[in-house]
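> Below: one structure in structure tokens.
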Amino acid sequence: MKRLHLHFKTDDLDRSVAFYTALFGEPPTRLEPDYAKWLLDDPRANVSVSTRARPGAGATGLDHVGVSIETEAELAAFAERLDGHADLAPEKQTQCCYARSNKYWLKDPHGTVWELFQTYADSETYGAEADLHADSPATGP
């Protein structure tokens, strides 16, 4: 199973949680003091908001988009398909957004940051921030 992933930065988490709860018709799947996530089945999406600021990023709004991928083998297949079309920056066994994941960061031809990731466990802490907005391809912390 794959889910479209959207991550938004906010300066008012309570207001964002209220908005997205109304939009999706359900409360967040995970809620932390600085983070909220909805794992939706209709539409199949992983939508998250956080108050965390990334280096070089704007204060609020769309931070990055991505695809949440169920297995490590599917993640490898995605990366192989994109090889030669984008500079891939792998992060293995990383901790980010209250999850432990294997992932690849890349940018589309217009500079939009994409994250391909396979989550294998929850985490009790938010974890490290990747510098996604540098001029070079996206890289880990």
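If you're wondering about the labels, chains in the structure tokens are A, B, ... by order shown, residues count from 1 in each chain, ligands from 1 in order shown.
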Can you tell me which residues surround region 106-120 of chain A at a distance of at most 7 Å, considering only C-alpha atoms, apart from same-chain residues fewer than 3 positions away, and format the answer as a PyMOL selection string?

chain A and resi 64-72+75+86-89+99-103+132+137-138

> When DSSP is applied to the backbone of this structure, which of chain A are assigned strand (DSSP E or B)? Write them out as number ranges by chain.

A: 2-9, 30-32, 35-41, 44-50, 61-69, 83, 86, 89-96, 99-107, 113-122, 127, 131, 139

> Excluding region 49-53 of chain A and any residue of its chain fewer than 5 positions from it, enumerate the residues within 7 Å of it, using only C-alpha atoms, and give them as a PyMOL selection string.

chain A and resi 7-11+13+34-37+59

> Those residues you just picked out, can you put them in a file as a compact mmCIF listing (two decimals), in the first residue's frame with C-alpha atoms?


```
# COMPACT_ATOMS: atom_id res chain seq x y z
CA HIS A 7 3.82 17.85 5.35
CA PHE A 8 2.87 21.40 6.28
CA LYS A 9 4.62 23.80 8.67
CA THR A 10 2.39 25.81 10.98
CA ASP A 11 2.81 28.55 13.53
CA LEU A 13 -0.83 23.83 15.71
CA ASP A 34 4.49 20.09 18.12
CA TYR A 35 3.09 17.62 15.56
CA ALA A 36 -0.10 16.02 14.22
CA LYS A 37 -0.57 13.29 11.63
CA ALA A 59 7.98 29.97 8.23
```

> Can you tell me how far CA of Glu74 (chain A) sits from CA of Gln93 (chain A), in Å to one decimal?

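For CA of Glu74 (chain A) relative to CA of Gln93 (chain A), the distance reads 15.9 Å.
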
> Nearest to Ala45 (chain A): which of A:Asp63, A:Glu80, A:Arg3, A:Phe24 is it, counting only C-alpha atoms?

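Going through A:Asp63, A:Glu80, A:Arg3, A:Phe24 one by one, the smallest distance to Ala45 (chain A) is for A:Arg3.
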
> Could you please write out, as a ChimeraX atom specification, every residue of chain A that DSSP assigns to helix (DSSP H, G or I)?

/A:13-24,72-82

> Between A:Leu82, A:Met1, A:Trp38, A:Pro90, single out the one closest to Ala22 (chain A), counting only C-alpha atoms.

A:Trp38
